[in-house]
$ cat final_35.txt   # compact mmCIF, C-alpha atoms and all ligand atoms
# COMPACT_ATOMS: atom_id res chain seq x y z
CA MET A 1 49.51 -28.37 -41.92
CA ILE A 2 50.57 -25.55 -39.65
CA LEU A 3 49.76 -23.02 -42.34
CA ALA A 4 46.37 -24.61 -42.92
CA SER A 5 45.41 -24.42 -39.25
CA LEU A 6 46.55 -20.80 -39.07
CA VAL A 7 44.29 -19.98 -41.97
CA LEU A 8 41.41 -21.79 -40.26
CA ALA A 9 42.00 -19.94 -37.01
CA ALA A 10 41.99 -16.62 -38.83
CA ALA A 11 38.78 -17.57 -40.58
CA ALA A 12 37.19 -18.49 -37.25
CA ALA A 13 38.18 -15.17 -35.75
CA THR A 14 36.58 -13.10 -38.49
CA ALA A 15 33.65 -15.31 -39.43
CA THR A 16 31.10 -13.86 -37.00
CA SER A 17 31.57 -10.37 -38.35
CA ALA A 18 31.70 -11.56 -41.93
CA GLN A 19 27.98 -12.57 -41.79
CA ALA A 20 28.53 -15.67 -43.88
CA GLY A 21 30.29 -18.99 -43.79
CA ASP A 22 30.62 -18.93 -40.00
CA THR A 23 33.32 -21.41 -39.01
CA GLY A 24 33.32 -20.55 -35.29
CA PRO A 25 32.65 -23.07 -32.51
CA ARG A 26 29.65 -25.33 -32.99
CA ALA A 27 27.52 -26.91 -30.29
CA ASN A 28 27.95 -30.63 -29.75
CA ALA A 29 24.50 -32.00 -30.64
CA ARG A 30 25.35 -35.46 -29.35
CA ARG A 31 26.50 -34.15 -25.96
CA LEU A 32 23.32 -32.07 -25.72
CA GLU A 33 21.17 -35.09 -26.55
CA GLN A 34 22.94 -37.25 -23.96
CA ARG A 35 22.45 -34.59 -21.31
CA ILE A 36 18.76 -34.13 -22.16
CA HIS A 37 18.36 -37.87 -21.57
CA ALA A 38 20.48 -37.84 -18.42
CA LEU A 39 18.49 -34.96 -16.93
CA GLY A 40 15.27 -36.71 -17.98
CA ARG A 41 16.04 -39.59 -15.64
CA PHE A 42 15.30 -37.35 -12.65
CA GLY A 43 11.54 -37.55 -12.26
CA ALA A 44 11.08 -39.77 -15.32
CA ASN A 45 7.51 -40.96 -15.74
CA PRO A 46 6.24 -44.04 -17.59
CA ALA A 47 4.89 -41.90 -20.45
CA GLY A 48 8.43 -40.83 -21.37
CA GLY A 49 8.30 -37.35 -19.87
CA VAL A 50 9.13 -36.04 -16.41
CA SER A 51 7.26 -35.00 -13.31
CA ARG A 52 9.95 -32.86 -11.76
CA VAL A 53 8.00 -30.20 -9.94
CA ALA A 54 10.02 -27.59 -8.09
CA PHE A 55 11.39 -28.62 -4.69
CA SER A 56 10.57 -32.32 -5.20
CA ASP A 57 13.23 -34.99 -4.67
CA ALA A 58 13.52 -35.26 -8.47
CA ASP A 59 14.08 -31.50 -8.77
CA ILE A 60 16.76 -31.61 -6.07
CA ALA A 61 18.50 -34.54 -7.80
CA GLY A 62 18.29 -32.75 -11.16
CA ARG A 63 19.78 -29.62 -9.62
CA GLU A 64 22.68 -31.67 -8.24
CA TYR A 65 23.30 -33.11 -11.70
CA ILE A 66 23.30 -29.62 -13.26
CA THR A 67 25.58 -28.27 -10.54
CA ARG A 68 28.05 -31.05 -11.34
CA LEU A 69 27.93 -30.22 -15.06
CA MET A 70 28.55 -26.56 -14.28
CA ARG A 71 31.56 -27.34 -12.07
CA ASP A 72 32.93 -29.70 -14.73
CA ALA A 73 32.57 -26.88 -17.27
CA GLY A 74 34.84 -24.76 -15.12
CA LEU A 75 32.14 -22.55 -13.59
CA GLU A 76 32.17 -21.28 -10.04
CA VAL A 77 28.80 -22.33 -8.64
CA ARG A 78 26.73 -20.76 -5.89
CA ILE A 79 23.09 -20.78 -4.77
CA ASP A 80 21.53 -17.36 -4.23
CA ALA A 81 18.98 -16.53 -1.53
CA ALA A 82 16.10 -17.48 -3.84
CA GLY A 83 17.64 -20.89 -4.53
CA ASN A 84 18.72 -19.98 -8.07
CA ILE A 85 21.81 -21.94 -9.17
CA ILE A 86 24.40 -19.56 -10.59
CA GLY A 87 27.54 -20.70 -12.42
CA ARG A 88 29.97 -17.87 -12.97
CA ARG A 89 32.82 -17.45 -15.43
CA ALA A 90 35.14 -14.49 -15.04
CA GLY A 91 35.61 -11.85 -17.73
CA THR A 92 38.78 -10.00 -18.58
CA ASP A 93 37.38 -6.61 -17.51
CA PRO A 94 36.14 -6.79 -13.92
CA ALA A 95 34.52 -3.35 -14.24
CA LEU A 96 31.96 -4.55 -16.78
CA PRO A 97 28.44 -5.74 -15.93
CA LEU A 98 27.75 -9.42 -16.52
CA LEU A 99 26.07 -11.32 -19.31
CA MET A 100 23.48 -13.85 -18.23
CA THR A 101 21.80 -16.84 -19.84
CA GLY A 102 19.75 -19.69 -18.40
CA SER A 103 16.32 -21.16 -17.85
CA HIS A 104 14.73 -23.71 -15.51
CA ILE A 105 14.71 -27.46 -14.93
CA ASP A 106 11.53 -27.78 -12.88
CA SER A 107 8.57 -29.12 -14.85
CA VAL A 108 4.81 -29.16 -14.63
CA PRO A 109 3.33 -32.43 -13.32
CA GLN A 110 3.47 -34.89 -16.27
CA GLY A 111 5.69 -32.55 -18.26
CA GLY A 112 8.26 -33.11 -20.97
CA ASN A 113 12.04 -33.19 -21.32
CA TYR A 114 12.65 -29.95 -23.19
CA ASP A 115 10.74 -27.05 -21.59
CA GLY A 116 13.43 -25.20 -19.62
CA ASP A 117 15.96 -28.03 -19.89
CA VAL A 118 17.03 -26.87 -23.36
CA GLY A 119 17.85 -23.40 -22.05
CA VAL A 120 19.80 -24.71 -19.06
CA LEU A 121 21.76 -27.38 -20.95
CA GLY A 122 22.19 -24.94 -23.84
CA ALA A 123 23.69 -22.39 -21.44
CA ILE A 124 26.09 -25.00 -20.08
CA GLU A 125 26.99 -25.95 -23.66
CA VAL A 126 27.94 -22.31 -24.24
CA ALA A 127 30.23 -22.52 -21.18
CA GLU A 128 31.74 -25.73 -22.57
CA LEU A 129 32.37 -24.12 -25.97
CA LEU A 130 33.94 -21.00 -24.45
CA ARG A 131 36.30 -23.20 -22.48
CA GLU A 132 37.09 -25.72 -25.21
CA HIS A 133 37.89 -22.96 -27.67
CA GLY A 134 39.77 -20.85 -25.17
CA ILE A 135 37.52 -17.84 -25.73
CA ALA A 136 38.00 -15.07 -23.20
CA THR A 137 35.15 -12.60 -22.83
CA ARG A 138 35.35 -9.03 -21.57
CA HIS A 139 32.19 -9.39 -19.48
CA PRO A 140 31.80 -12.00 -16.76
CA PHE A 141 29.17 -14.61 -17.64
CA GLU A 142 26.54 -16.10 -15.35
CA PHE A 143 24.73 -19.32 -16.28
CA VAL A 144 21.52 -19.64 -14.30
CA VAL A 145 18.97 -22.26 -13.27
CA PHE A 146 15.96 -20.33 -11.98
CA THR A 147 14.02 -21.68 -9.01
CA ASP A 148 10.43 -22.84 -9.50
CA GLU A 149 9.59 -21.42 -12.91
CA GLU A 150 6.44 -23.46 -13.38
CA GLY A 151 5.08 -22.53 -9.96
CA GLY A 152 5.19 -18.80 -10.65
CA VAL A 153 8.67 -17.80 -11.96
CA VAL A 154 9.75 -17.35 -8.35
CA GLY A 155 13.53 -17.33 -8.83
CA SER A 156 13.49 -14.68 -11.52
CA GLN A 157 10.92 -12.65 -9.57
CA ALA A 158 13.43 -12.55 -6.73
CA MET A 159 16.21 -11.42 -9.10
CA ALA A 160 13.93 -8.63 -10.31
CA GLY A 161 12.86 -7.76 -6.76
CA ARG A 162 9.25 -8.54 -7.61
CA VAL A 163 8.20 -11.38 -5.31
CA GLY A 164 4.62 -10.51 -4.36
CA PRO A 165 3.24 -10.53 -0.83
CA GLY A 166 1.97 -13.98 0.02
CA THR A 167 4.04 -15.74 -2.65
CA LEU A 168 6.27 -17.48 -0.12
CA ASP A 169 3.21 -18.94 1.62
CA VAL A 170 1.84 -20.51 -1.57
CA VAL A 171 1.88 -24.31 -1.37
CA SER A 172 3.75 -25.64 -4.40
CA HIS A 173 3.10 -28.92 -6.24
CA SER A 174 5.80 -30.53 -4.08
CA GLY A 175 3.56 -30.05 -1.05
CA LEU A 176 6.01 -27.57 0.47
CA THR A 177 5.34 -23.86 0.69
CA ILE A 178 7.58 -21.88 -1.62
CA ARG A 179 9.32 -20.57 1.52
CA ASP A 180 10.19 -24.10 2.71
CA GLY A 181 11.01 -25.15 -0.85
CA ILE A 182 13.57 -22.39 -1.27
CA ARG A 183 15.13 -23.47 2.02
CA THR A 184 15.20 -27.09 0.84
CA VAL A 185 17.22 -26.22 -2.28
CA GLY A 186 19.76 -24.18 -0.35
CA GLY A 187 18.30 -20.67 -0.49
CA ASP A 188 17.33 -18.40 2.38
CA PRO A 189 13.81 -16.97 2.05
CA SER A 190 14.40 -14.58 4.96
CA ARG A 191 17.12 -12.86 2.91
CA LEU A 192 15.37 -12.87 -0.45
CA ALA A 193 16.33 -9.25 -1.11
CA GLU A 194 19.94 -10.38 -1.50
CA ALA A 195 19.00 -12.24 -4.69
CA ARG A 196 17.87 -8.98 -6.25
CA ARG A 197 19.89 -7.62 -9.20
CA VAL A 198 20.29 -3.90 -9.63
CA PRO A 199 19.59 -2.53 -13.12
CA GLY A 200 22.89 -1.80 -14.80
CA THR A 201 24.65 -4.84 -13.35
CA ILE A 202 23.48 -7.12 -16.18
CA ALA A 203 24.48 -6.08 -19.70
CA GLY A 204 22.13 -8.60 -21.28
CA PHE A 205 19.95 -11.59 -20.44
CA VAL A 206 19.25 -14.11 -23.22
CA GLU A 207 17.10 -17.22 -22.70
CA LEU A 208 17.08 -20.15 -25.11
CA HIS A 209 13.77 -22.03 -25.00
CA ILE A 210 11.59 -24.35 -27.03
CA GLU A 211 8.76 -22.53 -28.79
CA GLN A 212 5.96 -24.58 -27.15
CA GLY A 213 3.87 -23.74 -30.19
CA ALA A 214 3.84 -24.90 -33.81
CA ILE A 215 4.78 -21.79 -35.78
CA LEU A 216 8.46 -22.73 -36.37
CA ASP A 217 7.77 -26.45 -36.87
CA GLU A 218 4.97 -25.89 -39.39
CA ALA A 219 6.93 -23.30 -41.38
CA ASP A 220 10.16 -25.33 -41.11
CA ILE A 221 12.07 -22.38 -39.63
CA ASP A 222 15.19 -22.94 -37.51
CA ILE A 223 15.16 -20.02 -35.11
CA GLY A 224 12.44 -17.89 -33.51
CA VAL A 225 13.38 -14.35 -32.55
CA VAL A 226 10.99 -13.54 -29.74
CA GLU A 227 9.37 -10.10 -29.97
CA GLY A 228 8.27 -10.25 -26.38
CA ILE A 229 6.34 -12.18 -23.81
CA VAL A 230 2.67 -11.40 -23.87
CA GLY A 231 0.98 -9.71 -20.95
CA ILE A 232 -1.86 -11.49 -19.18
CA ARG A 233 -4.96 -10.05 -17.51
CA TRP A 234 -7.64 -12.02 -15.72
CA TRP A 235 -11.16 -11.10 -14.66
CA ASP A 236 -13.86 -12.78 -12.61
CA VAL A 237 -17.09 -12.21 -14.49
CA THR A 238 -20.46 -12.45 -12.74
CA VAL A 239 -23.80 -12.67 -14.51
CA GLU A 240 -26.91 -12.07 -12.39
CA GLY A 241 -30.21 -13.56 -13.50
CA THR A 242 -33.18 -15.02 -11.64
CA ALA A 243 -33.30 -18.62 -10.52
CA ASN A 244 -36.77 -19.97 -11.13
CA HIS A 245 -38.72 -23.15 -11.81
CA ALA A 246 -37.64 -24.61 -15.15
CA GLY A 247 -41.08 -26.17 -15.69
CA THR A 248 -43.46 -23.37 -14.78
CA THR A 249 -41.59 -20.28 -16.02
CA PRO A 250 -42.51 -19.55 -19.64
CA MET A 251 -39.69 -18.94 -22.09
CA ASN A 252 -40.48 -15.27 -22.46
CA ARG A 253 -40.32 -14.58 -18.71
CA ARG A 254 -36.85 -15.81 -17.94
CA ARG A 255 -33.68 -14.03 -16.87
CA ASP A 256 -31.32 -16.91 -17.59
CA ALA A 257 -27.79 -16.09 -16.44
CA LEU A 258 -26.26 -19.04 -18.27
CA LEU A 259 -27.69 -17.98 -21.62
CA ALA A 260 -26.24 -14.49 -21.17
CA ALA A 261 -22.91 -16.03 -20.15
CA SER A 262 -22.93 -18.27 -23.22
CA GLU A 263 -23.54 -15.30 -25.47
CA LEU A 264 -20.70 -13.47 -23.79
CA ALA A 265 -18.29 -16.43 -24.22
CA LEU A 266 -19.07 -16.48 -27.95
CA ALA A 267 -18.61 -12.71 -28.15
CA VAL A 268 -15.18 -12.93 -26.46
CA ASN A 269 -14.06 -15.44 -29.05
CA ARG A 270 -15.51 -13.43 -31.93
CA LEU A 271 -13.96 -10.13 -30.82
CA ALA A 272 -10.49 -11.60 -30.22
CA SER A 273 -10.63 -13.37 -33.59
CA THR A 274 -11.80 -10.41 -35.65
CA MET A 275 -9.89 -7.48 -34.18
CA PRO A 276 -6.61 -6.94 -36.09
CA GLY A 277 -3.53 -8.31 -34.29
CA THR A 278 -2.39 -11.48 -32.54
CA GLN A 279 -4.28 -11.01 -29.26
CA VAL A 280 -5.96 -14.01 -27.66
CA ALA A 281 -8.90 -14.10 -25.27
CA THR A 282 -10.39 -17.06 -23.45
CA VAL A 283 -13.27 -18.01 -21.18
CA GLY A 284 -11.75 -21.01 -19.42
CA ARG A 285 -14.05 -21.54 -16.47
CA ILE A 286 -17.79 -21.28 -16.03
CA ARG A 287 -20.09 -22.24 -13.17
CA ALA A 288 -23.87 -21.89 -13.06
CA GLU A 289 -25.92 -21.67 -9.86
CA PRO A 290 -27.80 -23.37 -8.46
CA GLY A 291 -26.67 -25.91 -11.05
CA ALA A 292 -29.71 -28.17 -11.15
CA PRO A 293 -31.40 -29.59 -14.27
CA ASN A 294 -34.79 -28.25 -13.22
CA VAL A 295 -33.81 -24.71 -12.20
CA ILE A 296 -33.17 -21.74 -14.51
CA PRO A 297 -29.62 -20.58 -13.74
CA GLY A 298 -29.82 -17.52 -11.50
CA ARG A 299 -26.17 -16.69 -11.39
CA VAL A 300 -23.03 -17.52 -13.36
CA GLU A 301 -19.43 -17.02 -12.44
CA MET A 302 -16.97 -17.23 -15.30
CA SER A 303 -13.41 -16.23 -16.11
CA LEU A 304 -12.00 -13.95 -18.78
CA GLU A 305 -8.36 -13.98 -19.81
CA ILE A 306 -6.77 -11.64 -22.38
CA ARG A 307 -3.15 -11.85 -23.62
CA ASP A 308 -1.19 -9.62 -25.95
CA LEU A 309 2.22 -8.06 -26.48
CA ALA A 310 0.76 -4.56 -26.06
CA ALA A 311 -0.96 -3.33 -22.92
CA GLU A 312 -3.11 -0.95 -25.01
CA LYS A 313 -4.34 -3.84 -27.13
CA MET A 314 -5.34 -5.86 -24.06
CA GLU A 315 -7.23 -2.82 -22.82
CA SER A 316 -9.02 -2.28 -26.13
CA VAL A 317 -10.05 -5.95 -26.32
CA PHE A 318 -11.40 -5.68 -22.79
CA ARG A 319 -13.32 -2.49 -23.63
CA ALA A 320 -14.90 -4.23 -26.62
CA VAL A 321 -15.88 -7.21 -24.46
CA GLU A 322 -17.33 -4.86 -21.86
CA THR A 323 -19.42 -3.02 -24.46
CA GLU A 324 -20.76 -6.30 -25.79
CA ALA A 325 -21.49 -7.45 -22.21
CA LYS A 326 -23.59 -4.29 -21.63
CA ARG A 327 -25.60 -5.03 -24.75
CA ILE A 328 -26.21 -8.66 -23.70
CA ALA A 329 -27.07 -7.63 -20.15
CA GLY A 330 -29.60 -5.10 -21.42
CA ALA A 331 -31.20 -7.50 -23.89
CA ARG A 332 -31.56 -10.34 -21.36
CA GLY A 333 -32.08 -8.38 -18.15
CA THR A 334 -29.01 -9.97 -16.61
CA PRO A 335 -26.46 -7.50 -15.20
CA ILE A 336 -22.84 -8.50 -15.96
CA THR A 337 -19.95 -7.30 -13.82
CA PHE A 338 -16.19 -7.63 -14.32
CA SER A 339 -13.76 -7.77 -11.43
CA GLU A 340 -10.11 -7.81 -12.38
CA ILE A 341 -7.90 -10.25 -10.49
CA ASP A 342 -4.58 -9.03 -9.21
CA VAL A 343 -2.41 -11.51 -11.17
CA ALA A 344 -1.95 -9.28 -14.19
CA LEU A 345 1.40 -9.67 -15.91
CA ALA A 346 2.57 -6.74 -17.97
CA PRO A 347 3.81 -7.51 -21.48
CA ALA A 348 7.61 -7.80 -21.62
CA PRO A 349 8.94 -6.72 -25.00
CA THR A 350 12.43 -7.95 -25.87
CA ASP A 351 15.27 -5.51 -26.61
CA GLU A 352 15.27 -4.48 -30.29
CA ARG A 353 19.09 -4.31 -30.40
CA LEU A 354 19.28 -7.89 -29.13
CA ARG A 355 16.67 -9.08 -31.64
CA LYS A 356 18.87 -7.75 -34.40
CA VAL A 357 21.96 -9.41 -32.92
CA ILE A 358 20.10 -12.74 -32.82
CA GLU A 359 18.95 -12.32 -36.41
CA ALA A 360 22.48 -11.51 -37.55
CA ALA A 361 23.82 -14.56 -35.68
CA ALA A 362 21.25 -16.86 -37.28
CA THR A 363 21.97 -15.41 -40.72
CA SER A 364 25.72 -15.87 -40.27
CA LEU A 365 25.07 -19.54 -39.55
CA GLY A 366 22.82 -19.96 -42.57
CA LEU A 367 19.80 -20.57 -40.33
CA SER A 368 16.30 -19.41 -41.22
CA HIS A 369 14.58 -17.22 -38.66
CA ARG A 370 11.42 -15.25 -38.00
CA ARG A 371 10.03 -13.01 -35.31
CA LEU A 372 7.18 -14.21 -33.13
CA PRO A 373 5.57 -13.43 -29.76
CA SER A 374 5.75 -15.78 -26.80
CA GLY A 375 2.27 -16.68 -25.61
CA ALA A 376 3.70 -18.50 -22.60
CA GLY A 377 5.33 -16.87 -19.61
CA HIS A 378 9.08 -17.20 -18.97
CA ASP A 379 11.71 -16.14 -16.44
CA ALA A 380 12.93 -13.71 -19.11
CA GLN A 381 9.89 -11.49 -18.53
CA ASN A 382 11.06 -10.77 -14.99
CA MET A 383 14.65 -10.28 -16.12
CA ALA A 384 13.39 -7.60 -18.54
CA HIS A 385 12.90 -5.37 -15.50
CA VAL A 386 16.61 -5.40 -14.66
CA ALA A 387 18.41 -6.06 -17.97
CA PRO A 388 18.11 -5.79 -21.75
CA MET A 389 16.33 -9.10 -22.45
CA ALA A 390 15.97 -11.41 -25.43
CA MET A 391 14.74 -14.92 -26.13
CA ILE A 392 15.72 -17.45 -28.80
CA PHE A 393 13.15 -20.12 -29.70
CA VAL A 394 13.84 -23.49 -31.32
CA PRO A 395 11.07 -25.60 -32.90
CA SER A 396 8.76 -27.80 -30.84
CA GLN A 397 7.69 -30.85 -32.82
CA ASP A 398 3.96 -30.48 -33.59
CA GLY A 399 3.88 -27.57 -31.15
CA ILE A 400 3.39 -29.95 -28.20
CA SER A 401 4.53 -28.82 -24.77
CA HIS A 402 3.81 -29.42 -21.07
CA ALA A 403 3.31 -33.07 -22.05
CA PRO A 404 5.54 -36.17 -22.28
CA GLN A 405 5.38 -35.99 -26.12
CA GLU A 406 7.30 -32.70 -26.06
CA TYR A 407 10.25 -33.01 -28.47
CA THR A 408 12.90 -30.88 -30.10
CA ALA A 409 15.51 -32.54 -32.35
CA PRO A 410 19.15 -32.42 -31.14
CA ALA A 411 20.17 -30.59 -34.32
CA ASP A 412 17.59 -27.89 -33.60
CA ILE A 413 18.83 -27.52 -30.02
CA ALA A 414 22.40 -27.25 -31.33
CA ASN A 415 21.29 -24.52 -33.76
CA GLY A 416 19.80 -22.62 -30.85
CA VAL A 417 23.02 -22.94 -28.84
CA ASP A 418 25.10 -21.76 -31.81
CA VAL A 419 22.90 -18.66 -32.09
CA LEU A 420 22.97 -18.15 -28.32
CA LEU A 421 26.78 -18.30 -28.21
CA ARG A 422 27.16 -15.81 -31.06
CA THR A 423 24.54 -13.51 -29.56
CA LEU A 424 26.35 -13.42 -26.22
CA LEU A 425 29.72 -12.87 -27.90
CA ALA A 426 28.26 -10.03 -29.96
CA ILE A 427 26.88 -8.36 -26.82
CA ASP A 428 30.29 -8.93 -25.24
CA ARG A 429 31.90 -6.97 -28.08
CA GLY A 430 29.45 -4.15 -27.40
CA LEU A 431 25.93 -3.20 -28.43
CA PRO A 432 25.04 -0.02 -30.27
CA GLY A 433 23.34 2.54 -28.01
CA PRO A 434 19.61 2.17 -27.36
ZN ZN B 1 9.86 -23.03 -19.66
$ encode --input "final_35.txt" --output "structure tokens" --more "lines below"
Ligand SMILES: [Zn+2]
Amino acid sequence: MILASLVLAAAAATATSAQAGDTGPRANARRLEQRIHALGRFGANPAGGVSRVAFSDADIAGREYITRLMRDAGLEVRIDAAGNIIGRRAGTDPALPLLMTGSHIDSVPQGGNYDGDVGVLGAIEVAELLREHGIATRHPFEFVVFTDEEGGVVGSQAMAGRVGPGTLDVVSHSGLTIRDGIRTVGGDPSRLAEARRVPGTIAGFVELHIEQGAILDEADIDIGVVEGIVGIRWWDVTVEGTANHAGTTPMNRRRDALLAASELALAVNRLASTMPGTQVATVGRIRAEPGAPNVIPGRVEMSLEIRDLAAEKMESVFRAVETEAKRIAGARGTPITFSEIDVALAPAPTDERLRKVIEAAATSLGLSHRRLPSGAGHDAQNMAHVAPMAMIFVPSQDGISHAPQEYTAPADIANGVDVLLRTLLAIDRGLPGP
């Protein structure tokens, strides 16, 4: 028996580098499932999901639960100035920068039990596995719950030193301003700069998350290796026509702003669909003035959103839309103007070395994987400004997210944790140069 366990231990020690037949620590799917349910009790709604918006009583209770789990997993827990919960585990070489993983537990109103929660409970599962298997790492580890992800990725913005002017005064879904919310969860908004991480102090940030789309589920693939988080640009679009009597103005003497706007909305969809690439573009809001059944619309205000992994691609889609808008404006006599809104998010590509580490980890576990972009925003995109960043996706059943029907099977979550653990351990052993 002793000999047998020695052989097993030796196999475990070499398995991750052997690329096959990995016999290293495996996530406890049952423990993960129990904790998903336990966390889901805070802010549970009748539809089976949660409404646990940041800074609400449910969020505070959920944070207390997570803090307890972190302490029980042997982590040293603190709250930073932005209200982020940070559980720390020492490394053997105090001179090394830290490795970080985590996500969020706040939800949208009427949200589900997996968005964010999987990354937080998955991170804690990694801490549990490191402890249970007596694995010492060279780098210190930090396991993080970011503050108010759904309300504007505030906690990670603070870590990246990128909290915009006015952000603290924004009233969150809880009814509190973000400033008061941060205070409520134990942070100190007047000392936000202290939450900031200096580039070089984090050797790698890896976030485990549900896909929130259907690519993995439909193709029956275990692991998504995220290529990056798409950038987002928004414009206010104004179409100027002439409001006039809808009964007495003949059809050939109209400057109908809504017709021009409709043509433009169709053009946006056509251009984004037919240009090569995975860009998306959307007109999500439209308002005609004066907005009466018997008046030809004299003015339309509408929105334009463009997302892509590449800034140049977003720009070229916009240029194409603009050219089409000029043509429509000329043909209908309705000037169209674009005014960009200052909420633009730059694309955040993941670190190619880390993508490869994730792929190798998945392969060693016999898990299928593919690369894909993230169309949704994540804390990881802020962390990319201060650390090599990567994201691991696990399948979302039917691609449903931000809804009570959100679901990821425990076995899929466990797969994600197994890949996360091996990814972090591989970074701990040392990445090749950039
Ligand atoms: Zn999320």
$ residues_near_point --input "final_35.txt" --point "(-29.2, -25.7, -11.2)" --cutoff "12 Å" --atoms "only C-alpha atoms" --output "PyMOL selection string"
chain A and resi 242-246+256-258+287-300
$ residues_near_ligand --input "final_35.txt" --ligand "ligand ZN 1 (chain B)" --cutoff "8 Å" --atoms "all atoms listed in the file" --output "VMD selection string"
chain A and resid 103 to 104 107 115 to 117 149 to 150 209 to 210 377 to 379
$ residues_near_point --input "final_35.txt" --point "(17.7, -21.2, -38.5)" --cutoff "6 Å" --atoms "all atoms listed in the file" --output "PyMOL selection string"
chain A and resi 221-223+362+367-369
$ closest_residue --input "final_35.txt" --among "A:Asp80, A:Glu142, A:Glu211, A:Asp220" --to "Met159 in chain A" --atoms "only C-alpha atoms"
A:Asp80
$ closest_residue --input "final_35.txt" --among "A:Ile400, A:Ala265, A:Val50, A:Val144" --to "Val120 in chain A" --atoms "all atoms listed in the file"
A:Val144
$ atom_distance --input "final_35.txt" --atom1 "CA of Arg355 in chain A" --atom2 "CA of Arg422 in chain A"
12.5 Å
$ decode --input "final_35.txt" --residues "range 347-359 of chain A" --atoms "N, CA, C and O atoms" --output "compact mmCIF listing (two decimals), in the first residue's frame"
# COMPACT_ATOMS: atom_id res chain seq x y z
N PRO A 347 -10.89 47.78 -26.10
CA PRO A 347 -10.82 46.32 -26.06
C PRO A 347 -9.68 45.89 -25.13
O PRO A 347 -8.67 46.58 -25.04
N ALA A 348 -9.88 44.77 -24.45
CA ALA A 348 -8.83 44.26 -23.54
C ALA A 348 -8.44 42.86 -23.98
O ALA A 348 -9.07 41.88 -23.57
N PRO A 349 -7.42 42.75 -24.83
CA PRO A 349 -6.99 41.41 -25.24
C PRO A 349 -6.37 40.67 -24.05
O PRO A 349 -5.75 41.29 -23.19
N THR A 350 -6.56 39.36 -24.02
CA THR A 350 -5.91 38.56 -22.98
C THR A 350 -4.46 38.30 -23.37
O THR A 350 -4.07 38.52 -24.52
N ASP A 351 -3.67 37.83 -22.42
CA ASP A 351 -2.24 37.59 -22.62
C ASP A 351 -2.05 36.26 -23.37
O ASP A 351 -2.53 35.22 -22.92
N GLU A 352 -1.35 36.32 -24.51
CA GLU A 352 -1.20 35.13 -25.35
C GLU A 352 -0.50 34.00 -24.60
O GLU A 352 -0.84 32.82 -24.76
N ARG A 353 0.47 34.33 -23.76
CA ARG A 353 1.17 33.27 -23.00
C ARG A 353 0.17 32.55 -22.08
O ARG A 353 0.18 31.33 -21.95
N LEU A 354 -0.72 33.35 -21.47
CA LEU A 354 -1.69 32.74 -20.55
C LEU A 354 -2.72 31.91 -21.30
O LEU A 354 -3.17 30.87 -20.82
N ARG A 355 -3.11 32.39 -22.51
CA ARG A 355 -4.05 31.57 -23.32
C ARG A 355 -3.45 30.19 -23.55
O ARG A 355 -4.14 29.18 -23.45
N LYS A 356 -2.17 30.17 -23.88
CA LYS A 356 -1.53 28.88 -24.17
C LYS A 356 -1.45 28.02 -22.93
O LYS A 356 -1.61 26.79 -23.01
N VAL A 357 -1.20 28.64 -21.77
CA VAL A 357 -1.16 27.89 -20.51
C VAL A 357 -2.53 27.26 -20.24
O VAL A 357 -2.64 26.10 -19.84
N ILE A 358 -3.59 28.04 -20.47
CA ILE A 358 -4.95 27.53 -20.24
C ILE A 358 -5.24 26.36 -21.19
O ILE A 358 -5.78 25.33 -20.78
N GLU A 359 -4.85 26.53 -22.45
CA GLU A 359 -5.08 25.45 -23.42
C GLU A 359 -4.33 24.18 -23.03
O GLU A 359 -4.88 23.07 -23.10
